[in-house]
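Text of model.txt (compact mmCIF, C-alpha atoms) as supplied:
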```txt
# COMPACT_ATOMS: atom_id res chain seq x y z
CA MET A 81 -86.78 -131.88 -29.11
CA PRO A 82 -86.72 -134.68 -26.50
CA ARG A 83 -90.14 -136.00 -25.68
CA ALA A 84 -89.93 -135.01 -21.98
CA THR A 85 -89.19 -131.38 -22.87
CA GLN A 86 -92.07 -131.40 -25.28
CA ALA A 87 -94.36 -132.72 -22.57
CA VAL A 88 -93.24 -130.06 -20.09
CA LEU A 89 -93.71 -127.30 -22.66
CA PHE A 90 -97.12 -128.66 -23.50
CA ALA A 91 -98.11 -128.77 -19.84
CA ALA A 92 -96.93 -125.17 -19.32
CA PHE A 93 -98.92 -124.11 -22.36
CA ALA A 94 -101.99 -125.93 -21.12
CA LEU A 95 -101.74 -124.19 -17.74
CA ALA A 96 -101.38 -120.80 -19.40
CA ALA A 97 -104.36 -121.54 -21.65
CA GLU A 98 -106.39 -122.62 -18.65
CA SER A 99 -105.71 -119.45 -16.70
CA ALA A 100 -106.53 -117.39 -19.80
CA CYS A 101 -109.84 -119.27 -20.00
CA ALA A 102 -110.51 -118.66 -16.30
CA GLN A 103 -109.94 -114.91 -16.77
CA GLU A 104 -112.21 -114.99 -19.78
CA ALA A 105 -114.92 -116.70 -17.73
CA SER A 106 -114.67 -114.21 -14.89
CA LYS A 107 -114.95 -111.31 -17.35
CA ASN A 108 -118.31 -112.49 -18.74
CA ASP A 109 -119.81 -114.09 -15.68
CA GLY A 110 -123.51 -114.71 -16.23
CA PRO A 111 -125.11 -116.11 -19.36
CA LYS A 112 -125.80 -113.68 -22.20
CA SER A 113 -129.45 -113.02 -23.04
CA TYR A 114 -131.06 -114.99 -25.85
CA ALA A 115 -134.39 -115.07 -27.68
CA VAL A 116 -136.60 -118.17 -27.66
CA VAL A 117 -138.84 -118.64 -30.71
CA GLY A 118 -141.24 -121.57 -30.41
CA ASP A 119 -139.16 -124.51 -29.21
CA ALA A 120 -135.85 -123.07 -30.41
CA ILE A 121 -133.21 -120.40 -29.91
CA PRO A 122 -132.59 -119.56 -33.57
CA ALA A 123 -129.51 -117.32 -33.17
CA PRO A 124 -126.09 -118.42 -31.85
CA LEU A 125 -125.63 -117.33 -28.22
CA ASN A 126 -122.42 -115.44 -28.98
CA GLY A 127 -123.37 -114.44 -32.51
CA MET A 128 -120.90 -116.92 -34.02
CA ARG A 129 -121.24 -120.40 -35.46
CA GLY A 130 -119.48 -123.11 -33.47
CA ASP A 131 -116.74 -125.52 -34.53
CA PRO A 132 -117.92 -129.16 -34.75
CA VAL A 133 -114.41 -130.54 -34.10
CA ARG A 134 -114.12 -128.63 -30.85
CA GLY A 135 -117.73 -129.64 -30.12
CA GLN A 136 -116.91 -133.34 -30.35
CA ALA A 137 -113.99 -132.85 -27.96
CA ILE A 138 -116.31 -131.09 -25.49
CA VAL A 139 -118.80 -133.97 -25.64
CA ALA A 140 -115.98 -136.50 -25.22
CA ASN A 141 -114.58 -134.74 -22.14
CA ARG A 142 -116.17 -136.40 -19.09
CA GLN A 143 -115.91 -133.17 -17.09
CA ASN A 144 -118.68 -131.79 -19.29
CA THR A 145 -121.06 -134.58 -18.15
CA CYS A 146 -122.70 -135.37 -21.56
CA LEU A 147 -121.61 -139.01 -21.63
CA LEU A 148 -122.77 -139.68 -18.09
CA CYS A 149 -126.30 -139.98 -19.52
CA HIS A 150 -125.95 -140.11 -23.33
CA SER A 151 -124.01 -142.43 -25.59
CA ALA A 152 -122.29 -140.96 -28.64
CA PRO A 153 -121.11 -142.51 -31.91
CA PHE A 154 -117.45 -142.62 -30.83
CA GLY A 155 -115.35 -143.99 -28.01
CA ASP A 156 -116.10 -146.94 -25.80
CA GLU A 157 -119.81 -147.52 -25.29
CA ARG A 158 -119.19 -149.43 -22.05
CA PHE A 159 -118.36 -146.14 -20.35
CA GLN A 160 -121.30 -144.18 -21.74
CA GLY A 161 -124.65 -143.72 -20.06
CA ASN A 162 -128.13 -144.77 -21.15
CA LEU A 163 -130.37 -142.51 -19.07
CA ALA A 164 -130.98 -140.32 -22.11
CA PRO A 165 -131.29 -140.84 -25.88
CA ASP A 166 -128.27 -141.86 -27.96
CA LEU A 167 -126.81 -138.77 -29.63
CA LYS A 168 -126.61 -140.66 -32.93
CA GLY A 169 -128.90 -139.04 -35.51
CA THR A 170 -129.52 -135.97 -33.32
CA GLY A 171 -128.77 -133.61 -36.21
CA ALA A 172 -131.45 -135.29 -38.35
CA ARG A 173 -134.08 -135.01 -35.61
CA TRP A 174 -133.56 -131.40 -34.54
CA SER A 175 -132.59 -128.08 -36.06
CA GLU A 176 -129.62 -126.16 -34.63
CA GLY A 177 -132.01 -123.75 -32.94
CA GLN A 178 -133.92 -126.63 -31.30
CA LEU A 179 -130.67 -128.23 -30.15
CA ARG A 180 -129.53 -124.89 -28.73
CA LEU A 181 -132.64 -124.49 -26.53
CA ARG A 182 -132.46 -128.12 -25.41
CA MET A 183 -128.90 -127.56 -24.22
CA VAL A 184 -129.47 -124.11 -22.75
CA ASP A 185 -132.51 -125.03 -20.63
CA ALA A 186 -134.47 -128.15 -21.60
CA SER A 187 -136.82 -127.62 -18.63
CA ARG A 188 -138.52 -124.85 -20.65
CA LEU A 189 -139.90 -127.64 -22.85
CA ASN A 190 -140.34 -130.37 -20.23
CA PRO A 191 -140.28 -129.36 -16.55
CA ALA A 192 -139.69 -133.01 -15.54
CA THR A 193 -136.59 -133.47 -17.70
CA ILE A 194 -133.37 -134.74 -16.09
CA MET A 195 -131.31 -132.91 -18.73
CA PRO A 196 -129.26 -130.35 -16.79
CA PRO A 197 -129.57 -126.71 -17.91
CA TYR A 198 -126.18 -126.07 -19.51
CA TYR A 199 -126.54 -122.31 -19.79
CA LYS A 200 -128.47 -121.19 -16.74
CA VAL A 201 -127.54 -119.84 -13.33
CA ASP A 202 -130.82 -118.54 -11.92
CA GLY A 203 -133.46 -120.60 -10.17
CA LEU A 204 -131.06 -123.36 -9.07
CA THR A 205 -130.90 -124.63 -5.48
CA GLY A 206 -127.84 -125.44 -3.37
CA VAL A 207 -125.20 -125.01 -6.07
CA GLY A 208 -121.76 -125.79 -4.64
CA ALA A 209 -119.44 -122.82 -4.10
CA ALA A 210 -117.07 -123.86 -6.90
CA TRP A 211 -119.88 -123.68 -9.48
CA ARG A 212 -122.08 -120.87 -8.16
CA GLY A 213 -122.98 -118.19 -10.69
CA LYS A 214 -121.43 -120.11 -13.58
CA PRO A 215 -123.26 -122.01 -16.30
CA ILE A 216 -122.11 -125.60 -16.97
CA LEU A 217 -120.80 -124.57 -20.39
CA MET A 218 -119.90 -121.16 -21.81
CA ALA A 219 -121.72 -119.70 -24.83
CA GLU A 220 -118.84 -120.62 -27.17
CA GLN A 221 -118.85 -124.19 -25.92
CA ILE A 222 -122.62 -124.51 -26.38
CA GLU A 223 -122.20 -123.32 -29.99
CA ASP A 224 -119.39 -125.83 -30.61
CA VAL A 225 -121.55 -128.68 -29.28
CA VAL A 226 -124.58 -127.51 -31.31
CA ALA A 227 -122.38 -127.46 -34.44
CA TYR A 228 -121.12 -130.98 -33.65
CA LEU A 229 -124.58 -132.42 -32.91
CA ALA A 230 -125.86 -130.96 -36.20
CA THR A 231 -123.32 -133.16 -38.02
CA LEU A 232 -124.79 -136.36 -36.48
CA ARG A 233 -127.27 -137.00 -39.27
CA ASP A 234 -127.23 -140.82 -39.54
CA MET B 206 -165.56 -148.82 -35.02
CA ASN B 207 -164.87 -146.03 -37.50
CA GLY B 208 -161.49 -144.36 -38.01
CA ALA B 209 -162.15 -141.43 -35.69
CA ALA B 210 -163.36 -143.73 -32.92
CA ILE B 211 -160.25 -145.86 -33.25
CA THR B 212 -158.07 -142.75 -33.05
CA ARG B 213 -159.98 -141.60 -29.96
CA ALA B 214 -159.65 -145.02 -28.33
CA LEU B 215 -155.93 -145.16 -29.12
CA SER B 216 -155.23 -141.70 -27.77
CA ALA B 217 -157.28 -142.44 -24.64
CA GLY B 218 -155.17 -145.57 -24.21
CA ALA B 219 -151.96 -143.64 -24.77
CA LEU B 220 -153.12 -141.03 -22.26
CA ALA B 221 -153.89 -143.73 -19.70
CA ILE B 222 -150.45 -145.27 -20.25
CA SER B 223 -148.69 -141.95 -19.93
CA PHE B 224 -150.60 -141.20 -16.72
CA THR B 225 -149.52 -144.57 -15.38
CA ILE B 226 -145.89 -143.77 -16.23
CA ILE B 227 -146.11 -140.37 -14.56
CA ALA B 228 -147.77 -141.89 -11.49
CA ALA B 229 -145.14 -144.65 -11.33
CA SER B 230 -142.23 -142.23 -11.54
CA ALA B 231 -143.67 -139.85 -8.93
CA ALA B 232 -144.70 -142.56 -6.46
CA GLU B 233 -142.34 -144.15 -4.03
CA MET B 234 -140.98 -147.61 -4.68
CA ALA B 235 -143.21 -150.62 -4.05
CA PRO B 236 -141.64 -153.04 -1.53
CA GLY B 237 -141.70 -155.80 -4.15
CA GLU B 238 -139.38 -153.98 -6.55
CA ARG B 239 -136.78 -153.01 -3.99
CA LYS B 240 -133.28 -154.29 -4.63
CA SER B 241 -130.08 -153.94 -2.68
CA GLY B 242 -127.01 -152.57 -4.44
CA TYR B 243 -125.76 -156.14 -3.99
CA ASP B 244 -128.24 -157.35 -6.63
CA PHE B 245 -126.65 -155.11 -9.29
CA MET B 246 -123.09 -156.36 -8.68
CA THR B 247 -121.07 -158.95 -10.56
CA ARG B 248 -120.88 -162.41 -9.06
CA ASP B 249 -117.20 -161.81 -8.21
CA THR B 250 -117.99 -158.75 -6.10
CA GLN B 251 -120.94 -160.52 -4.47
CA GLY B 252 -118.59 -163.38 -3.60
CA MET B 253 -116.15 -160.94 -2.02
CA GLN B 254 -118.93 -159.62 0.26
CA ASP B 255 -120.27 -163.06 1.13
CA ASP B 256 -117.00 -164.67 2.18
CA ASP B 257 -115.69 -163.21 5.46
CA THR B 258 -112.20 -164.51 4.68
CA VAL B 259 -111.94 -162.29 1.57
CA ASN B 260 -114.29 -159.42 2.52
CA PRO B 261 -111.87 -156.52 3.14
CA GLY B 262 -114.42 -154.89 5.47
CA MET B 263 -113.77 -157.66 7.97
CA LEU B 264 -110.36 -156.11 8.72
CA TRP B 265 -112.18 -153.07 10.13
CA VAL B 266 -114.62 -155.32 11.99
CA LEU B 267 -111.69 -157.04 13.72
CA ASP B 268 -110.13 -153.67 14.61
CA GLY B 269 -113.52 -152.60 15.94
CA GLU B 270 -113.72 -155.64 18.17
CA ALA B 271 -110.33 -154.78 19.67
CA LEU B 272 -111.48 -151.18 20.25
CA TRP B 273 -114.70 -152.42 21.84
CA ASN B 274 -112.69 -154.20 24.51
CA ARG B 275 -110.02 -151.52 25.05
CA LYS B 276 -110.34 -149.13 28.01
CA ALA B 277 -110.35 -145.48 26.99
CA GLY B 278 -110.66 -141.96 28.41
CA THR B 279 -110.35 -140.65 31.94
CA ALA B 280 -113.24 -142.91 33.00
CA GLY B 281 -111.01 -145.85 32.09
CA LYS B 282 -113.92 -147.78 30.64
CA ALA B 283 -114.23 -149.93 27.55
CA CYS B 284 -117.45 -150.26 25.54
CA ALA B 285 -117.57 -153.83 26.81
CA ASP B 286 -117.60 -152.65 30.45
CA CYS B 287 -121.17 -151.36 29.98
CA HIS B 288 -122.44 -153.20 26.91
CA VAL B 289 -120.68 -156.51 27.66
CA ASP B 290 -120.84 -158.89 24.71
CA ALA B 291 -121.62 -156.99 21.52
CA ARG B 292 -122.85 -160.20 19.90
CA THR B 293 -125.96 -159.97 22.03
CA SER B 294 -126.13 -156.34 23.19
CA MET B 295 -125.54 -154.82 19.73
CA LYS B 296 -127.61 -157.28 17.74
CA GLY B 297 -130.13 -155.32 15.67
CA VAL B 298 -128.95 -151.92 16.95
CA ALA B 299 -127.52 -150.64 13.64
CA ALA B 300 -130.78 -151.69 11.96
CA ARG B 301 -132.62 -149.16 14.17
CA TYR B 302 -130.38 -146.11 13.60
CA PRO B 303 -130.58 -143.10 13.27
CA ALA B 304 -132.63 -142.92 16.49
CA PHE B 305 -134.13 -140.00 18.41
CA ASP B 306 -132.03 -138.50 21.18
CA ALA B 307 -134.21 -136.74 23.75
CA ALA B 308 -131.38 -134.62 25.16
CA ARG B 309 -130.60 -133.14 21.74
CA GLY B 310 -134.15 -133.11 20.46
CA ARG B 311 -133.18 -134.71 17.15
CA PRO B 312 -132.06 -138.00 15.62
CA LEU B 313 -128.47 -139.17 15.92
CA ASN B 314 -126.75 -141.66 13.66
CA LEU B 315 -124.58 -144.51 14.86
CA GLU B 316 -121.35 -142.52 14.49
CA GLN B 317 -122.75 -139.73 16.66
CA ARG B 318 -123.99 -142.25 19.24
CA VAL B 319 -120.53 -143.85 19.47
CA ASN B 320 -118.94 -140.44 19.91
CA LEU B 321 -121.46 -139.49 22.62
CA CYS B 322 -120.45 -142.61 24.53
CA ARG B 323 -116.84 -141.56 24.02
CA SER B 324 -117.29 -138.04 25.36
CA GLU B 325 -119.91 -138.64 28.06
CA ARG B 326 -119.32 -142.16 29.37
CA GLN B 327 -115.66 -142.79 28.67
CA GLN B 328 -114.64 -139.13 28.93
CA ALA B 329 -112.43 -139.63 25.94
CA SER B 330 -111.85 -137.51 22.85
CA VAL B 331 -114.32 -138.08 20.02
CA PHE B 332 -113.28 -139.91 16.87
CA ARG B 333 -113.04 -137.89 13.68
CA TYR B 334 -115.52 -138.79 10.93
CA GLU B 335 -114.06 -141.38 8.53
CA SER B 336 -111.21 -142.09 10.96
CA ARG B 337 -110.02 -145.67 11.10
CA GLU B 338 -111.34 -145.96 14.68
CA LEU B 339 -114.86 -144.67 14.02
CA LEU B 340 -115.21 -146.79 10.88
CA ALA B 341 -113.89 -149.82 12.76
CA LEU B 342 -116.28 -149.47 15.70
CA THR B 343 -119.33 -148.79 13.52
CA ALA B 344 -118.38 -151.70 11.25
CA PHE B 345 -118.08 -153.97 14.28
CA ILE B 346 -121.40 -152.79 15.71
CA GLY B 347 -123.06 -152.97 12.27
CA ARG B 348 -121.75 -156.52 11.78
CA GLN B 349 -123.81 -157.64 14.79
CA SER B 350 -126.97 -156.76 12.79
CA ARG B 351 -125.98 -158.59 9.62
CA GLY B 352 -129.08 -160.39 8.36
CA ALA B 353 -131.42 -158.47 10.70
CA VAL B 354 -133.96 -156.38 8.82
CA VAL B 355 -133.79 -152.59 8.71
CA GLU B 356 -136.37 -151.47 11.29
CA PRO B 357 -136.37 -147.72 11.96
CA PRO B 358 -138.02 -146.90 15.30
CA SER B 359 -141.72 -146.08 15.05
CA ASP B 360 -141.13 -142.91 17.07
CA GLU B 361 -143.51 -140.00 16.49
CA ARG B 362 -140.70 -137.58 17.29
CA LEU B 363 -138.77 -138.77 14.23
CA LYS B 364 -141.53 -137.85 11.79
CA PRO B 365 -140.52 -134.23 11.03
CA PHE B 366 -136.92 -135.36 10.48
CA ILE B 367 -137.97 -138.15 8.13
CA ALA B 368 -140.04 -135.57 6.24
CA ALA B 369 -137.05 -133.22 6.03
CA GLY B 370 -134.89 -136.08 4.71
CA ARG B 371 -137.51 -136.98 2.14
CA GLU B 372 -137.71 -133.36 1.02
CA MET B 373 -133.95 -133.31 0.52
CA PHE B 374 -134.18 -136.56 -1.49
CA MET B 375 -136.80 -135.04 -3.79
CA GLN B 376 -135.23 -131.56 -4.06
CA ARG B 377 -133.45 -130.70 -7.28
CA GLN B 378 -130.09 -129.23 -6.40
CA GLY B 379 -126.68 -128.27 -7.65
CA GLN B 380 -125.47 -126.93 -10.97
CA LEU B 381 -126.77 -130.11 -12.68
CA ASN B 382 -130.24 -129.49 -11.16
CA LEU B 383 -130.86 -133.12 -10.21
CA SER B 384 -132.60 -134.70 -7.24
CA CYS B 385 -131.62 -137.99 -5.60
CA ALA B 386 -135.02 -139.30 -6.78
CA ASN B 387 -134.27 -138.46 -10.44
CA CYS B 388 -131.70 -141.26 -10.44
CA HIS B 389 -132.53 -143.59 -7.56
CA ASP B 390 -136.35 -143.65 -7.77
CA ASP B 391 -136.90 -143.01 -11.48
CA ASN B 392 -133.83 -144.40 -13.27
CA TRP B 393 -132.36 -147.18 -11.17
CA SER B 394 -130.88 -150.07 -13.20
CA LYS B 395 -129.85 -147.69 -15.99
CA LYS B 396 -126.24 -146.79 -16.60
CA LEU B 397 -124.66 -143.53 -15.47
CA ALA B 398 -121.50 -143.56 -17.59
CA GLY B 399 -120.26 -147.12 -17.00
CA ALA B 400 -121.96 -147.68 -13.64
CA VAL B 401 -125.39 -149.15 -12.94
CA ILE B 402 -127.55 -146.83 -10.80
CA PRO B 403 -128.76 -148.65 -7.67
CA GLN B 404 -131.88 -147.77 -5.64
CA ALA B 405 -129.91 -146.10 -2.83
CA HIS B 406 -130.76 -148.41 0.06
CA PRO B 407 -128.10 -147.89 2.74
CA THR B 408 -128.16 -151.47 4.00
CA GLY B 409 -124.43 -152.20 4.12
CA TYR B 410 -122.67 -149.21 5.72
CA PRO B 411 -119.96 -148.70 6.60
CA LEU B 412 -118.92 -150.56 3.46
CA TYR B 413 -115.85 -151.35 1.44
CA ARG B 414 -115.93 -149.64 -1.94
CA LEU B 415 -113.48 -150.94 -4.55
CA GLU B 416 -113.31 -147.42 -6.02
CA TRP B 417 -112.21 -146.05 -2.61
CA GLN B 418 -109.90 -148.96 -1.84
CA GLY B 419 -111.21 -148.58 1.67
CA LEU B 420 -114.13 -148.53 4.06
CA GLY B 421 -116.40 -145.49 4.16
CA SER B 422 -119.56 -144.28 5.85
CA LEU B 423 -122.91 -143.48 4.25
CA GLN B 424 -122.15 -139.79 4.67
CA ARG B 425 -119.02 -140.19 2.56
CA ARG B 426 -121.21 -141.69 -0.17
CA LEU B 427 -123.81 -138.93 0.12
CA ARG B 428 -121.05 -136.35 -0.26
CA ASN B 429 -119.80 -138.12 -3.41
CA CYS B 430 -123.28 -137.88 -4.93
CA LEU B 431 -123.72 -134.23 -3.96
CA VAL B 432 -120.35 -133.26 -5.40
CA GLY B 433 -121.28 -135.18 -8.56
CA MET B 434 -124.43 -133.04 -8.79
CA ARG B 435 -122.20 -129.99 -8.16
CA ALA B 436 -124.27 -129.24 -5.07
CA ASN B 437 -123.34 -128.02 -1.60
CA ALA B 438 -121.76 -130.85 0.34
CA TYR B 439 -122.43 -130.46 4.06
CA ASP B 440 -119.87 -131.05 6.79
CA PHE B 441 -119.70 -134.59 8.16
CA GLY B 442 -122.27 -135.00 10.93
CA ALA B 443 -124.45 -132.16 9.62
CA PRO B 444 -128.13 -132.58 10.57
CA GLU B 445 -129.09 -132.54 6.87
CA TYR B 446 -127.19 -135.80 6.33
CA VAL B 447 -128.70 -137.45 9.39
CA ASP B 448 -132.22 -136.52 8.20
CA LEU B 449 -131.47 -137.94 4.76
CA GLU B 450 -129.91 -141.06 6.32
CA LEU B 451 -133.08 -141.49 8.40
CA TYR B 452 -135.34 -141.14 5.35
CA LEU B 453 -133.23 -143.66 3.41
CA MET B 454 -133.49 -146.14 6.28
CA THR B 455 -137.30 -145.80 6.39
CA ARG B 456 -137.28 -146.30 2.61
CA ALA B 457 -135.26 -149.51 3.11
CA ARG B 458 -137.44 -150.81 5.96
CA GLY B 459 -137.52 -154.61 5.96
CA MET B 460 -134.39 -155.14 3.86
CA PRO B 461 -131.55 -157.17 5.43
CA VAL B 462 -128.48 -155.42 6.86
CA GLU B 463 -125.29 -156.40 4.96
CA THR B 464 -122.59 -154.62 6.99
CA PRO B 465 -119.76 -154.69 6.06
CA ALA B 466 -120.96 -154.72 2.44
CA VAL B 467 -118.69 -154.56 -0.61
CA ARG B 468 -119.57 -152.29 -3.55
CA PRO B 469 -117.81 -151.59 -6.87
```
Taking this structure as input, can you express it in the form of structure tokens?
Amino acid sequence: MPRATQAVLFAAFALAAESACAQEASKNDGPKSYAVVGDAIPAPLNGMRGDPVRGQAIVANRQNTCLLCHSAPFGDERFQGNLAPDLKGTGARWSEGQLRLRMVDASRLNPATIMPPYYKVDGLTGVGAAWRGKPILMAEQIEDVVAYLATLRD
Amino acid sequence: MNGAAITRALSAGALAISFTIIAASAAEMAPGERKSGYDFMTRDTQGMQDDDTVNPGMLWVLDGEALWNRKAGTAGKACADCHVDARTSMKGVAARYPAFDAARGRPLNLEQRVNLCRSERQQASVFRYESRELLALTAFIGRQSRGAVVEPPSDERLKPFIAAGREMFMQRQGQLNLSCANCHDDNWSKKLAGAVIPQAHPTGYPLYRLEWQGLGSLQRRLRNCLVGMRANAYDFGAPEYVDLELYLMTRARGMPVETPAVRP
């Protein structure tokens, strides 16, 4: 298949996948409920373990904002932030449940944190129309990132 | 000193240090540690701002000078017909804006003041925000204050608006739940992705941003930040922006005006 055709097919597929995702998101609007135990959310938000490969891709995608503040052990460090700890070794410092709560709503542990709440829609002020009522990441994405961070043991 | 006493002394010390850190991050910036965005730039970009023959903002300044002298509106008047030579009449003016407007009962920024002259004195149509004309005139007027220090009017009537602007600066907002202060008071000089976070002193507007490949107003920059925080961006000219602009100018009091500045 010529490369151009491949690219067009790929783009069409990507669009279709995107609209499928959008429908998915509108079906389960708000965050699912979860149980906090101590400083952790022990159970996966959607009842399923995440995929660390997808998790790395989510962290690498600038739209998801992780690398604005954190640096990660891949890619070009010049374009990664240093407002927050390096993600290297995260999996050795925290359990999956601890990582999950820190992503979902780190302000539960430290009200002064600048870590955005990735799975929260209530109690926010002046959210732009395009983002209102939606968490930054979906439950599945949180689980993928938790699974990826858990692999960062060195 | 026994072991327990040492532990107590150490933890008291640690407590004192952590209190100091908390106090430092919550307090406003001491005048001595204030830096212009200019100070965080590479020498190349600084050179581009410093040399009028390569500063791209000077193209707008020249356009602004032409507009200053051109008659407009049904009154058939040019800015120069009332204000004569901008080099003297406009010196220091941009350093004192936003200023209180008694007729409207609230502060106006320089763009709004220019447009009021357009509609009321020249009886001409107002310039659209971020239009070439409005940027050119404000760049030309701002240029006359280059080197003058930011000196917001000590006008009692401005106080509630400064307070409203400060509240907006401190308010966490948007899907990312960040305040302006989280970055610009507490984390300036650190890197947000590849870019160094400045202290948010609006000393050079309108300014030429390499990222924009063009000149833009402070409100354009404020909108960029708000959209980055995934927060409500107000319409250009909204009172919320003018209040914030006013607070930022009081925060930058005493710093030199750089208009037209260059930023990365």
For this session: May I ask you to extract the residues of chain B within 10 Å of chain A, using only C-alpha atoms, and to give them as a VMD selection string?
Result: chain B and resid 227 376 to 384 387 to 388 392 to 402 431 to 439
Exercise. Closest to Gly262 in chain B among B:Tyr452, B:Gly442, B:Ala277, B:Gly419, using all atoms listed in the file?
Worked result: B:Gly419
Problem set entry | Coordinates-based distance that separates CA of Gly269 in chain B from CA of Thr464 in chain B (Å, one decimal) | 12.9 Å
Exercise. Which one is closest to Gly110 in chain A: A:Leu181, A:Leu167, A:Leu217, A:Leu232? Count all atoms listed in the file.
Worked result: A:Leu217
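The space between CA of Ala299 in chain B and CA of Leu315 in chain B spans 6.9 Å.
Of note, CA of Met218 in chain A and CA of Met128 in chain A are spaced 13.0 Å apart.
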For this session: Would you please work out which residue, of A:Asp224, A:Gln178, A:Asp185, A:Ala219, is nearest to Ala120 in chain A when using all atoms listed in the file?
Result: A:Gln178
Problem set entry | Nearby residues (only C-alpha atoms) at most 12 Å from Asp440 in chain B, same-chain spacing under 6 positions excluded, as a ChimeraX atom specification | /B:333-335,424-425,427-428,431,446-447
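With distances taken over all atoms listed in the file, B:Ala280 is the one residue among B:Leu342, B:Ala457, B:Met263, B:Ala280 lying closest to Glu325 in chain B.
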Seminar exercise, completed: For Gly171 in chain A, the closest of A:Asn126, A:Pro153, A:Tyr228, A:Met183 counting only C-alpha atoms is A:Tyr228
Problem set entry | Ala466 in chain B environment, 7 Å, only C-alpha atoms, sequence neighbours closer than 6 positions dropped, as a list of chain:residue names | B:Gln254, B:Gly409, B:Tyr410, B:Leu412, B:Tyr413
Please produce an output containing C-alpha atoms for each residue in the selection, written as a PDB file, in the frame of the given file.
```pdb
ATOM      1  CA  GLN B 254    -118.930-159.620   0.260  1.00  0.00           C
ATOM      2  CA  GLY B 409    -124.430-152.200   4.120  1.00  0.00           C
ATOM      3  CA  TYR B 410    -122.670-149.210   5.720  1.00  0.00           C
ATOM      4  CA  LEU B 412    -118.920-150.560   3.460  1.00  0.00           C
ATOM      5  CA  TYR B 413    -115.850-151.350   1.440  1.00  0.00           C
TER       6      TYR B 413
END
```
Problem set entry | Arg239 in chain B surroundings by all atoms listed in the file, 12 Å radius, close-in-sequence under 6 positions cut, as a PyMOL selection string | chain B and resi 233+245+389-390+393-394+403-406+408+456-461
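With only C-alpha atoms as the atoms that count, the residue of A:Asp119, A:Tyr114, A:Val139, A:Phe154 with the shortest distance to Ala186 in chain A is A:Asp119.
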For this session: Pick out the residues sitting within 12 Å of Gln251 in chain B, and hand them over as a PyMOL selection string; count all atoms listed in the file, and ignore anything fewer than 2 positions along from it in its own chain.
Result: chain B and resi 241-249+253-257+259-260+463+466-469
Is it possible to get the axis-aligned box enclosing range 204-222 of chain A (all listed atoms, 3 Å extra per side) as AutoDock Vina command-line options, with centre and edge lengths in Å rounded to one decimal?
```
--center_x -124.1 --center_y -122.0 --center_z -15.3 --size_x 20.0 --size_y 13.6 --size_z 29.8
```
Exercise. Which residues come within 10 Å of Trp174 in chain A, counting only C-alpha atoms, excluding same-chain residues fewer than 6 positions away, as a PyMOL selection string?
Worked result: chain A and resi 120+180+182+229-230+233
